[in-house]
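Shown next: data-v2.cif, given as mmCIF, C-alpha atoms.
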```cif
data_coords
#
loop_
_atom_site.label_atom_id
_atom_site.label_comp_id
_atom_site.auth_asym_id
_atom_site.auth_seq_id
_atom_site.Cartn_x
_atom_site.Cartn_y
_atom_site.Cartn_z
CA MET A 1 11.02 -8.00 -15.84
CA LYS A 2 14.82 -8.08 -15.50
CA ASN A 3 16.32 -5.83 -12.81
CA PRO A 4 13.22 -3.64 -12.43
CA LYS A 5 13.52 -0.20 -10.87
CA LEU A 6 10.66 0.85 -8.60
CA LEU A 7 10.02 4.28 -7.10
CA SER A 8 8.19 4.33 -3.78
CA ILE A 9 6.59 7.62 -2.76
CA GLN A 10 5.40 7.94 0.84
CA ASP A 11 6.50 9.38 4.16
CA ILE A 12 9.45 8.39 6.33
CA SER A 13 8.58 7.74 9.96
CA CYS A 14 12.06 7.57 11.46
CA PHE A 15 10.86 5.18 14.16
CA GLY A 16 7.89 2.86 14.08
CA GLN A 17 8.21 0.36 11.20
CA CYS A 18 5.84 1.78 8.62
CA SER A 19 5.89 3.57 5.26
CA LEU A 20 9.36 3.81 3.67
CA THR A 21 11.15 2.13 6.59
CA VAL A 22 9.10 -0.95 5.67
CA ALA A 23 8.92 -0.56 1.90
CA LEU A 24 12.64 -0.14 1.24
CA PRO A 25 13.93 -3.23 3.09
CA VAL A 26 11.07 -5.47 1.93
CA LEU A 27 11.39 -4.53 -1.73
CA SER A 28 15.19 -4.77 -1.58
CA ALA A 29 14.95 -8.25 -0.03
CA MET A 30 12.70 -9.22 -2.93
CA GLY A 31 15.41 -8.20 -5.40
CA ILE A 32 13.75 -4.97 -6.54
CA GLU A 33 15.99 -1.93 -7.03
CA THR A 34 14.09 0.66 -5.04
CA ALA A 35 14.34 4.44 -5.17
CA ILE A 36 12.46 6.57 -2.67
CA LEU A 37 10.77 9.95 -2.66
CA PRO A 38 9.74 11.01 0.85
CA SER A 39 6.51 13.00 1.06
CA ALA A 40 7.28 13.98 4.67
CA VAL A 41 9.64 13.11 7.51
CA LEU A 42 8.23 12.29 10.95
CA SER A 43 10.11 11.44 14.12
CA THR A 44 7.66 8.55 14.70
CA HIS A 45 4.45 7.40 13.12
CA THR A 46 1.23 8.91 14.45
CA GLY A 47 -0.35 5.77 15.92
CA GLY A 48 0.14 5.76 19.68
CA PHE A 49 2.92 8.36 19.84
CA THR A 50 2.41 11.97 20.93
CA GLY A 51 4.50 15.08 20.30
CA PHE A 52 6.01 13.72 17.08
CA THR A 53 7.80 16.03 14.67
CA PHE A 54 6.55 16.49 11.11
CA ARG A 55 8.39 18.08 8.20
CA ASP A 56 6.42 18.53 4.99
CA LEU A 57 8.50 17.91 1.84
CA THR A 58 5.85 18.87 -0.70
CA GLU A 59 7.88 21.57 -2.44
CA ASP A 60 10.90 19.28 -2.77
CA ILE A 61 8.95 16.83 -4.94
CA PRO A 62 8.97 18.78 -8.25
CA LEU A 63 12.64 19.70 -7.77
CA ILE A 64 13.59 16.05 -7.34
CA SER A 65 11.49 15.10 -10.36
CA ALA A 66 13.17 17.77 -12.49
CA HIS A 67 16.64 16.57 -11.50
CA TRP A 68 15.74 12.99 -12.39
CA ALA A 69 14.45 14.12 -15.78
CA LYS A 70 17.72 15.98 -16.38
CA GLU A 71 19.66 12.83 -15.50
CA HIS A 72 17.34 10.66 -17.65
CA ILE A 73 16.33 8.58 -14.63
CA THR A 74 13.17 6.56 -15.23
CA PHE A 75 11.31 3.82 -13.40
CA ASP A 76 9.58 0.56 -14.27
CA ALA A 77 7.03 1.06 -11.52
CA VAL A 78 5.74 3.74 -9.17
CA TYR A 79 4.18 2.68 -5.87
CA THR A 80 2.58 5.30 -3.63
CA GLY A 81 1.61 5.04 0.03
CA TYR A 82 0.86 7.85 2.49
CA ILE A 83 0.39 11.10 0.58
CA GLY A 84 -0.39 14.13 2.71
CA SER A 85 -2.09 16.71 0.50
CA LYS A 86 -3.86 17.52 -2.74
CA LYS A 87 -0.75 19.37 -3.94
CA GLN A 88 1.35 16.23 -3.46
CA LEU A 89 -1.17 14.24 -5.48
CA GLU A 90 -0.80 16.75 -8.33
CA TYR A 91 3.00 16.58 -8.19
CA ILE A 92 3.00 12.78 -8.17
CA LYS A 93 0.84 12.66 -11.29
CA GLU A 94 3.56 14.73 -12.98
CA ILE A 95 6.21 12.27 -11.79
CA VAL A 96 4.29 9.37 -13.30
CA LYS A 97 4.05 11.37 -16.52
CA ASN A 98 7.69 12.54 -16.64
CA ASN A 99 9.77 9.97 -14.74
CA ALA A 100 8.02 6.65 -15.32
CA LYS A 101 8.52 4.56 -18.44
CA SER A 102 5.62 4.44 -20.86
CA ASP A 103 4.75 0.89 -19.80
CA ALA A 104 5.49 1.39 -16.09
CA LEU A 105 3.23 -0.09 -13.44
CA PHE A 106 1.41 2.48 -11.30
CA ILE A 107 0.40 0.98 -7.94
CA VAL A 108 -1.54 3.07 -5.43
CA ASP A 109 -2.20 2.28 -1.79
CA PRO A 110 -4.71 5.08 -1.02
CA VAL A 111 -3.71 5.44 2.63
CA MET A 112 -6.40 7.50 4.38
CA GLY A 113 -7.98 5.57 7.24
CA ASP A 114 -8.98 2.33 8.92
CA ASN A 115 -11.69 0.91 11.18
CA GLY A 116 -14.31 3.20 9.70
CA LYS A 117 -12.46 6.47 10.32
CA LEU A 118 -10.10 8.71 8.41
CA TYR A 119 -6.63 9.25 9.83
CA HIS A 120 -5.69 12.56 11.44
CA GLY A 121 -5.29 15.27 8.82
CA PHE A 122 -7.60 13.74 6.20
CA ASP A 123 -11.18 14.68 5.34
CA GLU A 124 -13.85 13.77 2.81
CA GLU A 125 -12.56 16.41 0.39
CA PHE A 126 -9.18 14.68 0.34
CA ALA A 127 -10.91 11.33 -0.24
CA SER A 128 -12.58 12.84 -3.30
CA GLU A 129 -9.21 14.07 -4.56
CA MET A 130 -7.73 10.61 -3.99
CA ALA A 131 -10.55 9.06 -6.03
CA LEU A 132 -9.53 11.28 -8.95
CA PHE A 133 -5.83 10.49 -8.39
CA LEU A 134 -6.52 6.79 -8.89
CA ARG A 135 -7.38 7.22 -12.56
CA GLY A 136 -4.81 5.35 -14.62
CA ALA A 137 -3.47 3.19 -11.79
CA ASN A 138 -2.77 -0.41 -12.78
CA VAL A 139 -3.60 -1.64 -9.28
CA ILE A 140 -5.12 0.03 -6.22
CA LEU A 141 -5.02 -1.46 -2.71
CA PRO A 142 -7.66 0.15 -0.47
CA ASN A 143 -8.86 -1.33 2.79
CA MET A 144 -12.57 -1.52 3.58
CA THR A 145 -12.61 1.94 5.18
CA GLU A 146 -10.81 3.57 2.28
CA ALA A 147 -13.10 1.83 -0.20
CA ALA A 148 -16.14 3.32 1.52
CA TYR A 149 -14.71 6.85 1.46
CA LEU A 150 -13.55 6.56 -2.15
CA LEU A 151 -17.04 5.46 -3.21
CA LYS A 152 -18.79 7.90 -0.84
CA GLU A 153 -20.87 5.30 0.90
CA PRO A 154 -21.32 4.04 4.48
CA TYR A 155 -18.62 1.83 5.98
CA LEU A 156 -19.71 -1.68 6.92
CA ALA A 157 -17.58 -3.28 9.63
CA GLU A 158 -19.34 -6.63 9.28
CA GLY A 159 -22.48 -8.27 8.00
CA TYR A 160 -21.61 -7.91 4.32
CA ASP A 161 -21.49 -10.76 1.80
CA MET A 162 -19.65 -11.73 -1.39
CA PRO A 163 -22.02 -9.89 -3.76
CA TYR A 164 -21.39 -6.70 -1.75
CA VAL A 165 -17.60 -7.12 -1.88
CA GLU A 166 -17.68 -7.93 -5.59
CA SER A 167 -19.76 -4.83 -6.22
CA LEU A 168 -17.18 -2.79 -4.25
CA VAL A 169 -14.17 -4.01 -6.20
CA ARG A 170 -15.83 -3.55 -9.57
CA ARG A 171 -16.87 0.00 -8.70
CA LEU A 172 -13.40 0.75 -7.38
CA SER A 173 -12.01 -0.55 -10.65
CA GLY A 174 -14.27 1.98 -12.33
CA LEU A 175 -12.41 4.75 -10.50
CA SER A 176 -8.95 3.59 -11.57
CA GLY A 177 -9.56 1.64 -14.75
CA GLY A 178 -7.38 -1.18 -13.44
CA ASP A 179 -7.17 -4.07 -10.99
CA VAL A 180 -8.12 -3.86 -7.32
CA VAL A 181 -6.90 -5.64 -4.20
CA LEU A 182 -9.33 -4.94 -1.36
CA THR A 183 -7.77 -5.66 2.03
CA GLY A 184 -9.34 -6.34 5.40
CA VAL A 185 -12.10 -8.52 3.95
CA SER A 186 -13.80 -10.95 6.31
CA PHE A 187 -16.90 -13.14 6.08
CA ASP A 188 -15.97 -15.06 9.24
CA ARG A 189 -14.73 -13.60 12.53
CA ASP A 190 -11.88 -16.13 12.56
CA LYS A 191 -10.62 -15.30 9.05
CA LEU A 192 -9.23 -12.14 7.50
CA GLY A 193 -7.94 -11.61 3.98
CA VAL A 194 -8.28 -9.93 0.61
CA ALA A 195 -10.45 -9.83 -2.50
CA ALA A 196 -8.40 -9.36 -5.69
CA TYR A 197 -10.31 -8.19 -8.75
CA ASN A 198 -8.68 -8.98 -12.07
CA LYS A 199 -10.26 -6.62 -14.56
CA THR A 200 -9.05 -8.51 -17.64
CA LYS A 201 -10.64 -11.73 -16.41
CA ASP A 202 -13.52 -9.92 -14.68
CA SER A 203 -12.97 -12.31 -11.78
CA VAL A 204 -12.63 -11.95 -8.01
CA HIS A 205 -10.08 -14.06 -6.16
CA TYR A 206 -10.33 -14.46 -2.38
CA TYR A 207 -7.57 -15.42 0.02
CA PHE A 208 -7.84 -15.70 3.81
CA GLU A 209 -5.67 -16.55 6.80
CA GLU A 210 -6.49 -17.11 10.46
CA ARG A 211 -7.21 -13.77 12.10
CA VAL A 212 -4.68 -12.70 14.74
CA SER A 213 -6.41 -10.68 17.43
CA GLY A 214 -5.20 -7.14 18.06
CA SER A 215 -4.18 -4.11 16.05
CA PHE A 216 -0.73 -3.97 14.42
CA HIS A 217 0.78 -0.77 13.07
CA GLY A 218 2.36 -0.80 9.63
CA THR A 219 0.78 -3.99 8.31
CA GLY A 220 -0.93 -2.14 5.45
CA ASP A 221 2.42 -0.79 4.29
CA LEU A 222 3.95 -4.24 4.69
CA TYR A 223 1.21 -5.78 2.58
CA ALA A 224 1.39 -3.18 -0.19
CA SER A 225 5.19 -3.38 -0.40
CA THR A 226 5.19 -7.16 -0.61
CA PHE A 227 2.42 -7.15 -3.19
CA SER A 228 4.25 -4.57 -5.32
CA GLY A 229 7.46 -6.58 -5.16
CA GLY A 230 5.59 -9.71 -6.16
CA LEU A 231 4.16 -8.06 -9.25
CA LEU A 232 7.59 -6.76 -10.26
CA ARG A 233 8.98 -10.28 -9.77
CA GLY A 234 6.47 -11.54 -12.35
CA LEU A 235 3.80 -13.00 -10.08
CA SER A 236 0.20 -12.81 -11.15
CA LEU A 237 -2.16 -10.40 -9.40
CA GLU A 238 -3.64 -13.31 -7.48
CA ASP A 239 -0.32 -14.89 -6.47
CA ALA A 240 1.14 -11.53 -5.40
CA ALA A 241 -1.98 -10.86 -3.30
CA ASP A 242 -1.70 -14.28 -1.61
CA LEU A 243 2.04 -13.95 -0.94
CA ALA A 244 1.52 -10.56 0.68
CA VAL A 245 -1.13 -11.99 3.01
CA ASP A 246 1.13 -14.88 4.03
CA PHE A 247 4.14 -12.65 4.68
CA THR A 248 2.14 -10.08 6.64
CA VAL A 249 0.66 -12.78 8.87
CA ARG A 250 4.11 -14.34 9.32
CA ALA A 251 5.51 -10.96 10.41
CA ILE A 252 2.64 -10.47 12.88
CA ARG A 253 3.28 -13.89 14.39
CA GLU A 254 6.99 -13.09 14.73
CA THR A 255 5.95 -10.08 16.81
CA LEU A 256 3.61 -11.84 19.23
CA PRO A 257 6.21 -13.12 21.76
CA ASP A 258 7.38 -9.52 22.34
CA ARG A 259 4.04 -7.81 21.71
CA GLU A 260 4.03 -5.71 24.91
CA GLU A 261 7.35 -4.07 24.11
CA HIS A 262 6.98 -4.16 20.32
CA TRP A 263 3.56 -2.47 20.14
CA TYR A 264 4.54 0.14 17.54
CA GLY A 265 4.94 -2.18 14.53
CA VAL A 266 5.63 -5.74 13.45
CA ALA A 267 8.95 -7.59 13.50
CA PHE A 268 8.99 -8.11 9.76
CA GLU A 269 12.79 -8.31 9.68
CA SER A 270 12.64 -11.72 11.36
CA ALA A 271 10.25 -12.92 8.64
CA LEU A 272 12.34 -11.78 5.66
CA PRO A 273 14.10 -15.17 5.28
CA TYR A 274 10.64 -16.74 4.86
CA LEU A 275 9.77 -14.21 2.15
CA ILE A 276 13.03 -14.76 0.28
CA LYS A 277 12.54 -18.53 0.41
CA ARG A 278 8.98 -18.20 -0.95
CA LEU A 279 10.36 -16.38 -4.00
CA GLN A 280 12.88 -19.07 -4.87
CA PRO A 281 12.02 -21.13 -7.99
#
```

Turn this file's structure into structure tokens for me.
Amino acid sequence: MKNPKLLSIQDISCFGQCSLTVALPVLSAMGIETAILPSAVLSTHTGGFTGFTFRDLTEDIPLISAHWAKEHITFDAVYTGYIGSKKQLEYIKEIVKNNAKSDALFIVDPVMGDNGKLYHGFDEEFASEMALFLRGANVILPNMTEAAYLLKEPYLAEGYDMPYVESLVRRLSGLSGGDVVLTGVSFDRDKLGVAAYNKTKDSVHYYFEERVSGSFHGTGDLYASTFSGGLLRGLSLEDAADLAVDFTVRAIRETLPDREEHWYGVAFESALPYLIKRLQP
């Protein structure tokens, strides 16, 4: 796709390297013209900070959409991350209907939780609404926790096998009707990666890297942004999934020497030259 225009809808955490402050620079570095629609503005992200400010922008969303329609602004892809409410989900469906081209890609990272728990502010009712929101998405990118909540089944931290994972991705595809990239998959304590389900081929592709110990804020957003950019650059589902793993791990490793001070995110900026080089023909 020549000069694709992508719309990313998620929050802005002014400090903390996540959501739009990750998506915009990563997608721009990948050569994707990126527009943004903030769902909320926070002073920092919510992981490890206290007393953060939060401004809900829900009622701005339809006004922005209407202005774009008036100006005949349309997009080749819509990629959603953190969405804070059922009302926002409803508004975003209207944006996909009114502001996306008829053949636009719709990519959903159903950000709700991790490590077996939902994030602050989310509940099982919201997970049910998110499962409905997925319908019509070309690709969804849940982690193992989000997959469990979307399918209303127990979360397994470990001890699962390939047949279990392949059942998960196929059932998740049943929710959306499209492809699935399941993140945080591991069959070996030393490896961590993804399972990418290509619905057209009815095949599951696995890709793993060496696990880096510790928890790193913003890596899900980094992965989803890189994956979305890869698809818009013409990579296959499988190649985009692999590239996003490699870049995310590279960004984590760039952070390790300063981990104590840089606990709030990953130093992805230092890894951008690697990403740009990987995209060269």

If you measure from CA of Gln10 in chain A to CA of Arg135 in chain A, what distance in Å do you get, rounded to one decimal?
->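 Atom-to-atom, CA of Gln10 in chain A to CA of Arg135 in chain A, that is 18.5 Å.
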
Give me the result of the PyMOL selection byres ((chain A and resi 62) around 10) on this file, residue by residue, as a compact mmCIF listing (two decimals) with C-alpha atoms, in the frame of the given file.
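Produced file selection24.txt, reproduced below:
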```
# COMPACT_ATOMS: atom_id res chain seq x y z
CA THR A 58 5.85 18.87 -0.70
CA GLU A 59 7.88 21.57 -2.44
CA ASP A 60 10.90 19.28 -2.77
CA ILE A 61 8.95 16.83 -4.94
CA LEU A 63 12.64 19.70 -7.77
CA ILE A 64 13.59 16.05 -7.34
CA SER A 65 11.49 15.10 -10.36
CA ALA A 66 13.17 17.77 -12.49
CA HIS A 67 16.64 16.57 -11.50
CA TRP A 68 15.74 12.99 -12.39
CA GLN A 88 1.35 16.23 -3.46
CA GLU A 90 -0.80 16.75 -8.33
CA TYR A 91 3.00 16.58 -8.19
CA ILE A 92 3.00 12.78 -8.17
CA GLU A 94 3.56 14.73 -12.98
CA ILE A 95 6.21 12.27 -11.79
```

Skipping near chain neighbours, those fewer than 2 positions away, what residues fall within 7 Å of range 228-245 of chain A using only C-alpha atoms, listed as a PyMOL selection string?
-> chain A and resi 1+4+27+30+32+193+196+205+207+223-226+247-249

Exercise: residues within 7 Å of coordinate (5.1, 2.0, -11.6), counting all atoms listed in the file, as a PyMOL selection string = chain A and resi 6+75-79+100+104-107

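Here CA of Glu125 in chain A is placed at a distance of 23.1 Å from CA of His45 in chain A.
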